[in-house]
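File shown: input08.cif. Contents: mmCIF, C-alpha atoms and all ligand atoms.
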data_upload
#
loop_
_atom_site.label_atom_id
_atom_site.label_comp_id
_atom_site.auth_asym_id
_atom_site.auth_seq_id
_atom_site.Cartn_x
_atom_site.Cartn_y
_atom_site.Cartn_z
CA MET Z 1 5.81 -24.29 53.02
CA LEU Z 2 6.90 -27.71 54.22
CA PHE Z 3 4.82 -30.84 54.40
CA ARG Z 4 6.45 -33.55 56.42
CA ALA Z 5 6.09 -37.01 55.00
CA ALA Z 6 5.82 -39.40 57.89
CA LEU Z 7 7.65 -42.25 56.30
CA THR Z 8 6.75 -44.86 58.81
CA ALA Z 9 3.09 -44.16 58.12
CA LEU Z 10 3.59 -43.87 54.41
CA GLY Z 11 5.26 -47.23 54.22
CA ALA Z 12 6.80 -48.76 51.16
CA ALA Z 13 6.00 -48.14 47.55
CA THR Z 14 2.88 -49.81 46.28
CA SER Z 15 3.72 -52.66 44.00
CA VAL Z 16 1.84 -51.95 40.81
CA ALA Z 17 3.11 -54.32 38.20
CA ALA Z 18 6.62 -54.89 37.04
CA VAL Z 19 7.08 -52.88 33.88
CA THR Z 20 7.16 -54.22 30.34
CA THR Z 21 10.49 -53.63 28.66
CA LEU Z 22 10.15 -50.84 26.08
CA GLU Z 23 11.56 -50.75 22.58
CA VAL Z 24 12.38 -47.95 20.22
CA GLU Z 25 10.32 -48.07 17.03
CA GLY Z 26 10.75 -45.17 14.66
CA ALA Z 27 10.64 -42.02 16.75
CA GLN Z 28 8.75 -43.54 19.68
CA PHE Z 29 9.22 -45.72 22.75
CA VAL Z 30 6.79 -48.58 22.34
CA ASN Z 31 5.33 -51.08 24.78
CA SER Z 32 5.55 -54.28 22.76
CA ASP Z 33 2.75 -55.96 24.75
CA THR Z 34 0.17 -53.31 24.06
CA GLY Z 35 1.59 -51.62 20.97
CA ASP Z 36 1.11 -48.26 22.69
CA ALA Z 37 3.54 -45.36 22.52
CA PHE Z 38 5.11 -44.42 25.85
CA GLN Z 39 5.37 -40.95 27.35
CA ILE Z 40 8.11 -40.39 29.91
CA ILE Z 41 6.80 -38.83 33.13
CA GLY Z 42 10.18 -38.56 34.76
CA VAL Z 43 12.19 -37.10 37.62
CA ALA Z 44 15.95 -36.63 37.90
CA TYR Z 45 17.06 -38.70 40.87
CA GLN Z 46 20.49 -37.90 42.29
CA ILE Z 47 20.38 -37.26 46.02
CA GLY Z 48 23.43 -35.29 47.11
CA GLY Z 49 24.04 -34.00 43.59
CA SER Z 50 27.27 -35.19 42.03
CA ALA Z 51 28.66 -35.84 45.54
CA GLY Z 52 25.93 -38.48 45.92
CA TYR Z 53 28.27 -40.68 43.91
CA ASP Z 54 31.32 -41.30 46.04
CA PRO Z 55 33.30 -44.42 45.14
CA SER Z 56 35.62 -43.99 48.13
CA HIS Z 57 32.63 -44.48 50.45
CA GLY Z 58 30.77 -47.07 48.38
CA LYS Z 59 27.89 -44.67 47.85
CA ASP Z 60 25.66 -43.86 44.90
CA PRO Z 61 21.96 -43.00 44.40
CA LEU Z 62 20.80 -46.57 43.68
CA SER Z 63 22.62 -48.63 46.29
CA ASN Z 64 20.49 -48.27 49.44
CA GLY Z 65 17.22 -50.20 49.31
CA ASP Z 66 15.62 -48.32 52.23
CA VAL Z 67 16.21 -45.00 50.51
CA CYS Z 68 14.90 -46.28 47.17
CA ARG Z 69 11.80 -47.74 48.84
CA ARG Z 70 11.10 -44.45 50.61
CA ASP Z 71 11.54 -42.41 47.44
CA ALA Z 72 9.68 -44.76 45.09
CA ALA Z 73 6.64 -44.33 47.37
CA LEU Z 74 6.87 -40.53 47.16
CA LEU Z 75 7.40 -40.60 43.39
CA GLN Z 76 4.32 -42.78 43.04
CA MET Z 77 2.31 -40.00 44.67
CA LEU Z 78 3.28 -37.86 41.68
CA GLY Z 79 2.60 -40.50 39.04
CA ILE Z 80 6.23 -40.76 37.97
CA ASN Z 81 7.07 -43.61 35.57
CA THR Z 82 10.80 -42.93 34.96
CA ILE Z 83 13.83 -41.80 36.94
CA ARG Z 84 17.03 -40.42 35.47
CA VAL Z 85 20.22 -41.19 37.44
CA TYR Z 86 23.45 -39.44 36.45
CA ASN Z 87 26.41 -40.79 38.41
CA LEU Z 88 26.67 -44.41 39.42
CA ASP Z 89 29.30 -46.76 40.73
CA PRO Z 90 29.63 -49.89 38.58
CA ASP Z 91 31.20 -51.74 41.51
CA LEU Z 92 28.09 -51.46 43.69
CA ASN Z 93 25.12 -53.78 43.59
CA HIS Z 94 21.96 -52.10 42.27
CA ASP Z 95 19.64 -55.12 42.25
CA GLU Z 96 17.48 -54.03 45.16
CA CYS Z 97 16.87 -50.45 44.02
CA ALA Z 98 16.31 -51.54 40.41
CA SER Z 99 13.71 -54.05 41.50
CA ILE Z 100 12.03 -51.57 43.86
CA PHE Z 101 11.62 -49.06 41.04
CA ASN Z 102 10.54 -51.81 38.69
CA ALA Z 103 7.85 -52.99 41.12
CA ALA Z 104 6.77 -49.37 41.55
CA GLY Z 105 6.25 -49.09 37.77
CA MET Z 106 9.29 -46.96 36.99
CA TYR Z 107 11.88 -47.14 34.23
CA MET Z 108 15.47 -45.96 34.57
CA LEU Z 109 17.47 -43.65 32.29
CA ILE Z 110 21.11 -44.18 33.17
CA ASP Z 111 24.11 -41.99 32.39
CA VAL Z 112 27.33 -43.98 31.88
CA ASN Z 113 29.63 -41.09 32.86
CA SER Z 114 30.55 -39.23 36.02
CA PRO Z 115 32.29 -35.92 36.72
CA LEU Z 116 35.32 -37.69 38.22
CA VAL Z 117 38.55 -37.52 36.26
CA GLY Z 118 38.77 -40.30 33.70
CA GLU Z 119 35.03 -41.01 33.86
CA SER Z 120 33.77 -38.64 31.15
CA LEU Z 121 34.94 -36.95 27.98
CA ASN Z 122 36.81 -33.69 28.15
CA SER Z 123 34.69 -31.56 25.82
CA LEU Z 124 37.40 -29.22 24.52
CA GLU Z 125 40.12 -31.83 24.16
CA PRO Z 126 38.22 -35.10 23.92
CA TRP Z 127 41.27 -36.96 22.58
CA THR Z 128 42.88 -36.54 26.02
CA SER Z 129 40.06 -38.56 27.64
CA TYR Z 130 39.06 -41.16 25.06
CA TYR Z 131 41.12 -44.01 26.50
CA GLU Z 132 40.54 -47.64 27.22
CA ALA Z 133 40.14 -47.14 30.97
CA TYR Z 134 37.40 -44.57 30.31
CA VAL Z 135 35.60 -46.73 27.78
CA ASN Z 136 35.86 -49.67 30.18
CA ARG Z 137 34.13 -47.55 32.82
CA THR Z 138 31.18 -46.98 30.50
CA PHE Z 139 31.06 -50.72 29.69
CA ALA Z 140 31.06 -51.52 33.41
CA ILE Z 141 27.93 -49.39 33.85
CA VAL Z 142 26.29 -51.27 30.97
CA GLU Z 143 27.33 -54.58 32.48
CA ASN Z 144 25.85 -53.51 35.81
CA PHE Z 145 22.47 -52.38 34.42
CA LYS Z 146 21.89 -54.37 31.21
CA ASN Z 147 19.78 -57.11 32.78
CA TYR Z 148 17.20 -54.89 34.46
CA PRO Z 149 13.92 -55.06 32.56
CA ASN Z 150 13.06 -51.49 33.58
CA LEU Z 151 16.23 -50.05 32.09
CA LEU Z 152 14.92 -47.61 29.47
CA ALA Z 153 18.14 -46.29 27.90
CA PHE Z 154 21.73 -45.21 28.43
CA PHE Z 155 23.05 -41.70 27.91
CA SER Z 156 26.49 -41.78 26.30
CA GLY Z 157 27.03 -38.12 27.18
CA ASN Z 158 25.37 -35.21 28.96
CA GLU Z 159 25.82 -31.59 27.80
CA VAL Z 160 29.29 -32.31 26.45
CA ILE Z 161 28.54 -29.74 23.73
CA ASP Z 162 27.58 -26.40 25.25
CA ALA Z 163 28.65 -23.94 22.54
CA VAL Z 164 30.06 -23.86 19.01
CA LYS Z 165 33.54 -24.21 20.48
CA THR Z 166 32.82 -27.62 22.00
CA GLY Z 167 30.65 -28.42 18.98
CA ALA Z 168 33.85 -28.18 16.99
CA THR Z 169 35.68 -30.82 19.00
CA ALA Z 170 33.36 -33.22 20.83
CA PRO Z 171 30.85 -34.64 18.29
CA PRO Z 172 33.00 -37.41 16.71
CA TYR Z 173 34.05 -38.57 20.19
CA ILE Z 174 30.50 -38.64 21.56
CA ARG Z 175 29.45 -40.56 18.49
CA ALA Z 176 32.39 -42.93 18.98
CA VAL Z 177 31.38 -43.57 22.61
CA THR Z 178 27.82 -44.25 21.43
CA ARG Z 179 29.22 -46.75 18.92
CA ASP Z 180 31.40 -48.47 21.52
CA LEU Z 181 28.45 -48.79 23.92
CA LYS Z 182 26.14 -50.15 21.21
CA ASN Z 183 28.75 -52.71 20.17
CA TYR Z 184 29.23 -53.74 23.78
CA ILE Z 185 25.47 -54.13 24.23
CA LYS Z 186 25.16 -56.12 21.01
CA ASN Z 187 27.88 -58.51 22.16
CA HIS Z 188 26.90 -58.82 25.82
CA ALA Z 189 23.22 -58.01 26.43
CA ASP Z 190 20.10 -60.07 25.79
CA ARG Z 191 18.27 -57.22 24.19
CA GLN Z 192 18.87 -54.07 22.19
CA ILE Z 193 19.12 -51.29 24.78
CA PRO Z 194 18.77 -47.76 23.37
CA VAL Z 195 21.78 -45.43 23.63
CA GLY Z 196 21.74 -41.70 22.96
CA TYR Z 197 22.85 -38.23 23.94
CA SER Z 198 21.44 -35.71 26.40
CA ALA Z 199 22.00 -32.24 24.95
CA ALA Z 200 22.13 -28.80 26.51
CA ASP Z 201 19.34 -26.72 24.99
CA VAL Z 202 21.73 -24.25 23.41
CA ARG Z 203 19.93 -23.26 20.25
CA SER Z 204 23.04 -22.40 18.22
CA VAL Z 205 24.18 -26.03 18.42
CA LEU Z 206 20.98 -27.99 19.11
CA GLU Z 207 19.94 -28.75 15.56
CA ASP Z 208 23.47 -29.67 14.51
CA SER Z 209 23.91 -31.91 17.56
CA TRP Z 210 20.66 -33.72 16.82
CA ASN Z 211 21.55 -34.18 13.16
CA TYR Z 212 25.15 -35.17 13.86
CA PHE Z 213 23.98 -38.00 16.14
CA GLN Z 214 20.85 -39.18 14.30
CA CYS Z 215 22.28 -39.17 10.78
CA ALA Z 216 23.28 -42.36 8.96
CA ILE Z 217 26.90 -42.59 7.88
CA ASN Z 218 26.95 -43.63 4.21
CA GLY Z 219 23.17 -43.83 4.47
CA ASN Z 220 23.42 -46.92 6.68
CA LYS Z 221 20.60 -46.68 9.20
CA ASN Z 222 22.03 -49.59 11.21
CA ASP Z 223 25.48 -48.06 11.54
CA MET Z 224 26.45 -48.72 15.17
CA SER Z 225 27.48 -45.14 15.89
CA ARG Z 226 24.01 -43.76 15.14
CA ALA Z 227 22.11 -42.64 18.26
CA ASP Z 228 18.88 -44.47 19.13
CA ILE Z 229 17.40 -41.50 21.00
CA PHE Z 230 18.04 -37.76 21.36
CA ALA Z 231 17.21 -35.84 24.53
CA LEU Z 232 17.59 -32.23 25.61
CA ASN Z 233 17.85 -30.43 28.91
CA SER Z 234 15.54 -27.50 28.33
CA TYR Z 235 14.81 -24.60 30.64
CA SER Z 236 13.07 -22.32 28.16
CA TRP Z 237 9.65 -22.43 29.84
CA CYS Z 238 9.85 -20.25 32.94
CA GLY Z 239 7.00 -19.24 35.19
CA ASN Z 240 3.64 -18.43 33.64
CA SER Z 241 4.79 -18.97 30.05
CA ASN Z 242 3.00 -20.52 27.11
CA PHE Z 243 3.65 -22.72 24.10
CA HIS Z 244 4.87 -19.81 21.99
CA ASP Z 245 6.77 -17.62 24.48
CA SER Z 246 8.66 -20.63 25.83
CA SER Z 247 9.72 -21.41 22.24
CA TYR Z 248 8.40 -24.93 22.73
CA ASP Z 249 6.64 -24.33 19.40
CA GLN Z 250 10.06 -23.94 17.73
CA LEU Z 251 11.32 -27.14 19.31
CA VAL Z 252 8.29 -29.06 18.08
CA GLU Z 253 8.80 -27.65 14.59
CA LEU Z 254 12.52 -28.50 14.67
CA PHE Z 255 12.05 -32.07 15.82
CA THR Z 256 8.96 -32.98 13.79
CA PRO Z 257 11.01 -34.94 11.20
CA THR Z 258 13.09 -36.76 13.85
CA SER Z 259 14.08 -40.34 13.08
CA VAL Z 260 14.61 -41.19 16.77
CA PRO Z 261 12.60 -40.53 19.97
CA VAL Z 262 13.10 -37.00 21.33
CA PHE Z 263 12.29 -35.97 24.89
CA TYR Z 264 13.30 -33.58 27.64
CA SER Z 265 16.02 -35.25 29.71
CA GLU Z 266 15.60 -32.28 32.08
CA PHE Z 267 13.08 -29.45 32.35
CA GLY Z 268 11.79 -27.18 35.11
CA CYS Z 269 13.16 -23.64 35.05
CA ASN Z 270 13.22 -22.35 38.63
CA THR Z 271 13.05 -18.61 38.00
CA PRO Z 272 10.62 -17.49 39.26
CA SER Z 273 10.45 -19.72 42.29
CA PRO Z 274 8.35 -21.42 43.61
CA ARG Z 275 7.55 -23.03 40.31
CA ILE Z 276 4.07 -23.35 38.86
CA PHE Z 277 4.83 -26.13 36.36
CA THR Z 278 2.34 -24.99 33.74
CA GLU Z 279 4.61 -26.62 31.12
CA ILE Z 280 3.18 -29.97 32.17
CA GLY Z 281 -0.04 -29.17 30.29
CA ALA Z 282 1.97 -28.34 27.18
CA ILE Z 283 4.43 -31.26 27.27
CA TYR Z 284 1.64 -33.81 27.60
CA GLY Z 285 -0.83 -31.94 25.38
CA SER Z 286 -1.67 -32.65 21.77
CA ASN Z 287 0.75 -29.99 20.46
CA MET Z 288 3.69 -32.04 21.62
CA THR Z 289 3.00 -35.70 22.19
CA ALA Z 290 3.21 -36.65 18.53
CA VAL Z 291 6.80 -35.37 18.41
CA PHE Z 292 8.08 -35.52 21.99
CA SER Z 293 8.03 -38.56 24.28
CA GLY Z 294 7.57 -36.57 27.50
CA GLY Z 295 10.24 -35.39 29.89
CA VAL Z 296 12.14 -35.53 33.14
CA VAL Z 297 11.60 -32.88 35.83
CA TYR Z 298 14.79 -31.59 37.38
CA GLU Z 299 14.99 -32.75 40.19
CA TYR Z 300 13.89 -34.92 43.10
CA SER Z 301 16.01 -33.67 46.01
CA GLN Z 302 16.80 -30.13 47.08
CA GLU Z 303 20.46 -29.36 46.44
CA ALA Z 304 22.48 -26.13 46.38
CA ASN Z 305 21.06 -25.11 42.98
CA ASN Z 306 17.49 -25.02 44.35
CA TYR Z 307 15.56 -27.33 42.01
CA GLY Z 308 14.30 -29.79 44.60
CA LEU Z 309 10.83 -31.23 44.99
CA VAL Z 310 11.73 -32.63 48.42
CA GLN Z 311 14.21 -31.95 51.17
CA VAL Z 312 16.08 -35.07 52.28
CA ASN Z 313 17.11 -34.73 55.94
CA ASP Z 314 20.12 -36.21 57.65
CA ASP Z 315 17.92 -38.48 59.77
CA GLY Z 316 16.49 -40.11 56.64
CA THR Z 317 13.15 -38.31 56.73
CA VAL Z 318 11.94 -36.34 53.75
CA ASP Z 319 10.02 -33.06 53.69
CA LEU Z 320 7.86 -32.37 50.67
CA LEU Z 321 8.55 -28.88 49.37
CA ALA Z 322 5.92 -26.61 47.83
CA ASP Z 323 7.06 -27.55 44.31
CA PHE Z 324 6.17 -31.18 45.00
CA ARG Z 325 2.54 -30.30 45.67
CA THR Z 326 2.36 -27.93 42.72
CA LEU Z 327 3.78 -30.54 40.37
CA GLN Z 328 1.44 -33.15 41.80
CA ASN Z 329 -1.53 -30.87 41.08
CA GLN Z 330 -0.38 -30.29 37.50
CA TYR Z 331 0.04 -34.02 36.84
CA ALA Z 332 -3.39 -34.59 38.40
CA LYS Z 333 -4.92 -32.58 35.55
CA LEU Z 334 -3.66 -35.15 33.04
CA ASN Z 335 -5.39 -38.36 32.15
CA PHE Z 336 -2.47 -40.77 32.48
CA ASP Z 337 -4.47 -43.68 31.08
CA SER Z 338 -5.40 -42.01 27.83
CA LEU Z 339 -1.94 -40.41 27.58
CA GLN Z 340 -0.31 -43.85 27.67
CA SER Z 341 -2.78 -45.66 25.44
CA VAL Z 342 -2.18 -43.99 22.11
CA LYS Z 343 -1.24 -46.62 19.52
CA ALA Z 344 2.31 -46.29 18.22
CA SER Z 345 2.41 -44.85 14.72
CA GLY Z 346 4.35 -47.82 13.37
CA LYS Z 347 6.13 -45.43 11.05
CA SER Z 348 9.65 -46.32 10.06
CA ILE Z 349 11.59 -43.14 9.39
CA THR Z 350 14.62 -42.79 7.15
CA PRO Z 351 17.28 -40.75 8.92
CA PRO Z 352 19.18 -38.08 7.03
CA THR Z 353 22.46 -39.23 5.54
CA CYS Z 354 25.50 -37.76 7.25
CA SER Z 355 27.14 -35.11 5.13
CA GLU Z 356 28.93 -31.82 5.56
CA SER Z 357 25.88 -29.98 4.26
CA LEU Z 358 23.70 -31.40 7.06
CA ILE Z 359 25.62 -29.23 9.55
CA LYS Z 360 24.44 -25.62 9.55
CA GLU Z 361 26.48 -23.71 12.13
CA ASP Z 362 29.84 -22.47 10.96
CA GLY Z 363 32.49 -24.14 13.14
CA PHE Z 364 30.39 -27.12 14.28
CA ASN Z 365 32.11 -30.39 13.47
CA ASN Z 366 31.03 -31.87 10.13
CA ASN Z 367 33.56 -34.68 9.92
CA PHE Z 368 31.98 -38.13 10.26
CA THR Z 369 35.22 -40.09 10.32
CA LEU Z 370 35.17 -41.27 13.92
CA PRO Z 371 38.12 -42.05 16.16
CA VAL Z 372 38.86 -45.78 16.30
CA PRO Z 373 38.04 -47.52 19.61
CA PRO Z 374 40.94 -47.21 22.08
CA SER Z 375 41.24 -50.98 22.35
CA ARG Z 376 41.96 -51.14 18.62
CA ARG Z 377 44.22 -48.11 18.52
CA SER Z 378 47.44 -50.06 18.76
CA GLU Z 379 46.36 -52.25 15.86
CA ALA Z 380 45.36 -49.18 13.85
CA ASP Z 381 48.54 -47.26 14.62
C1 LIG S 401 39.58 -52.88 29.76
O1 LIG S 401 38.85 -54.10 29.81
C2 LIG S 401 39.47 -55.17 29.10
C3 LIG S 401 38.51 -56.35 29.08
O2 LIG S 401 38.07 -56.64 30.38
C4 LIG S 401 40.82 -55.51 29.76
O3 LIG S 401 41.46 -56.54 29.05
C5 LIG S 401 41.67 -54.25 29.75
O4 LIG S 401 42.88 -54.49 30.44
C6 LIG S 401 40.97 -53.07 30.39
N1 LIG S 401 41.80 -51.89 30.18
C7 LIG S 401 42.01 -50.97 31.11
C8 LIG S 401 42.92 -49.85 30.73
O5 LIG S 401 41.49 -50.99 32.21
C1 LIG S 402 -1.08 -25.47 21.33
O1 LIG S 402 -0.70 -24.62 20.28
C2 LIG S 402 -1.59 -23.52 20.05
C3 LIG S 402 -1.11 -22.81 18.80
O2 LIG S 402 0.22 -22.38 18.93
C4 LIG S 402 -1.59 -22.65 21.29
O3 LIG S 402 -2.48 -21.56 21.11
C5 LIG S 402 -2.04 -23.48 22.50
O4 LIG S 402 -1.99 -22.71 23.67
C6 LIG S 402 -1.14 -24.70 22.66
N1 LIG S 402 -1.65 -25.57 23.71
C7 LIG S 402 -0.95 -25.84 24.81
C8 LIG S 402 -1.62 -26.76 25.80
O5 LIG S 402 0.16 -25.40 25.04
C1 LIG S 403 38.25 -36.10 9.79
O1 LIG S 403 38.65 -36.76 10.95
C2 LIG S 403 39.62 -37.78 10.73
C3 LIG S 403 39.83 -38.52 12.04
O2 LIG S 403 40.12 -37.65 13.08
C4 LIG S 403 40.87 -37.15 10.17
O3 LIG S 403 41.83 -38.15 9.91
C5 LIG S 403 40.55 -36.39 8.90
O4 LIG S 403 41.70 -35.69 8.45
C6 LIG S 403 39.43 -35.41 9.12
N1 LIG S 403 39.00 -34.85 7.85
C7 LIG S 403 38.96 -33.54 7.63
C8 LIG S 403 38.49 -33.11 6.29
O5 LIG S 403 39.29 -32.72 8.47
#

Could the structure of this file be written out as structure tokens, please?
Amino acid sequence: MLFRAALTALGAATSVAAVTTLEVEGAQFVNSDTGDAFQIIGVAYQIGGSAGYDPSHGKDPLSNGDVCRRDAALLQMLGINTIRVYNLDPDLNHDECASIFNAAGMYMLIDVNSPLVGESLNSLEPWTSYYEAYVNRTFAIVENFKNYPNLLAFFSGNEVIDAVKTGATAPPYIRAVTRDLKNYIKNHADRQIPVGYSAADVRSVLEDSWNYFQCAINGNKNDMSRADIFALNSYSWCGNSNFHDSSYDQLVELFTPTSVPVFYSEFGCNTPSPRIFTEIGAIYGSNMTAVFSGGVVYEYSQEANNYGLVQVNDDGTVDLLADFRTLQNQYAKLNFDSLQSVKASGKSITPPTCSESLIKEDGFNNNFTLPVPPSRRSEAD
């Protein structure tokens, strides 16, 4: 069923209040003004899929103010407070879209990579892609987004590890990219912006990935290569599932001792379709909120893989799909105010120390000697 959103009537997003910059404290995102822990109520925002980023046509998902204004208004109808954007062009100006989402009360999770050649790590042979031009590309994204107060975090990689085979090769490189980004931020940004990894929910490598990135090399918690956050793209709750059958209970158990915030950087299994989104009650219920910091629904626009909440038409209008209304009804059952006004625990958590024995799966990389930054390679050689 389609519901046409008459955009002229709907008008622009309501300006709530510009957001307060969030900080990571222990395993939570914290609003430093209120001292409350923050739950991500997010949507993946990448109109056109990966083709929505097209440097040859000066196009990416956050470069057209009219589009951002239109979509911020629709996302406000859901109660969204965060968007995740995957592929961006560091040469475009994102000021208008960033300020529209900021005024609409929404944070941004930004991926520094893209699927184009030279703009992400090659997971099986990462040494063939870890070059200065690539690292510069990730720095250019940081440079482009670092001053926005509603920037929540950067993802240094997305699903680079998808099996034990890539778990054997990629981890030191992902951790090196995280280090390079954190050093760049330390030297060039006015605040500490969190950096972390967005994992595929592949259970054979999930625990090792989390530990590989959160652990402290030589026990040094402030080691620059240590991730500030850990996120997972999880599709284990499908249809009319529950806390146990979805194995959400196992994820909560796994991540209970986490030293960094953990959240779903994607969720929303679409088999069966249309979706019923009963996982919303679980994600924002008391079983999970002490361990997880919410999640990001995949995804805003309808693309070939059929996960859309809305259909974006060529003439710039948007049709709300059935999943939009269903999701809206599930969010409406939550009390957003009480959800977002739980005092942060204030707990400082000691991360595990990196060691071979921390890694469980045979074949997953357990070497914590990281590749040197490409800019220093000639000196190191
Ligand atoms: C990377 O950026 C640095 C600093 O701006 C510059 O000196 C260097 O030439 C760039 N390298 C490549 C390969 O683009
Ligand atoms: C919370 O966990 C209990 C015990 O596993 C389960 O019975 C209940 O359905 C869960 N609640 C939600 C909202 O998922
Ligand atoms: C760990 O990785 C480093 C850097 O790639 C390498 O020099 C070293 O030989 C590796 N150690 C082991 C035990 O494989």

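Distances here use only C-alpha atoms; by that measure, the residue among Z:Glu125, Z:Asp249, Z:Asp60, Z:Glu159 closest to Asn93 (chain Z) is Z:Asp60.
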
Please extract the residues at most 6 Å from ligand LIG 401 (chain S), counting only C-alpha atoms and all ligand atoms, and provide them as a PyMOL selection string, using the chain letters and residue numbers of this document.
chain Z and resi 132-133+136

Name all residues at most 8 Å from Ala103 (chain Z) (count only C-alpha atoms; drop same-chain ones fewer than 2 positions away) and give them as a PyMOL selection string.
chain Z and resi 14-19+99-101+105-106

Shell of 6 Å around ligand LIG 403 (chain S) (all atoms listed in the file), written as a list in words
Asn367, Thr369, Leu370 and Pro371 of chain Z

Throw together the list of residues within 8 Å of ligand LIG 402 (chain S), counting only C-alpha atoms and all ligand atoms, and drop it here as a PyMOL selection string.
chain Z and resi 242-244+249+279+281-287

Out of Z:Thr353, Z:Leu251, Z:Gly316, Z:Leu92, which residue has the shortest atom-to-atom distance to Asn220 (chain Z) when counting all atoms listed in the file?
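Between Z:Thr353, Z:Leu251, Z:Gly316, Z:Leu92, the residue approaching Asn220 (chain Z) most closely is Z:Thr353.
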
Z:Glu299, Z:Glu25, Z:Glu356, Z:Asp314: which is nearest Arg84 (chain Z), counting only C-alpha atoms?
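Closest candidate: Z:Glu299.
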
Polymer residues at most 10 Å from Leu327 (chain Z), only C-alpha atoms, same-chain spacing of 6 or more positions, as a list in words
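The residues satisfying every condition are Leu78, Arg275, Ile276, Phe277, Thr278, Ile280, Val297 and Leu309 of chain Z.
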
Quick one: everything within 9 Å of Gly118 (chain Z), counting all atoms listed in the file, minus sequence neighbours fewer than 5 positions away in the same chain. Send it as a PyMOL selection string.
chain Z and resi 129-131+133-134+137

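Note that the spacing between CA of Phe324 (chain Z) and CA of Ala290 (chain Z) amounts to 27.2 Å.
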
Between CA of Phe38 (chain Z) and CA of Lys221 (chain Z), what is the distance in Å, rounded to a tenth?
22.9 Å

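For the atom pair formed by CA of Cys354 (chain Z) and CA of Tyr173 (chain Z), the distance is 15.5 Å, given to one decimal.
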
If the box runs along x, y and z of the file and leaves 3 Å on each side of region 13-29 of chain Z, what are its centre and edge lengths in Å, one decimal, as AutoDock Vina command-line options?
--center_x 7.1 --center_y -48.5 --center_z 31.1 --size_x 16.5 --size_y 18.9 --size_z 38.9
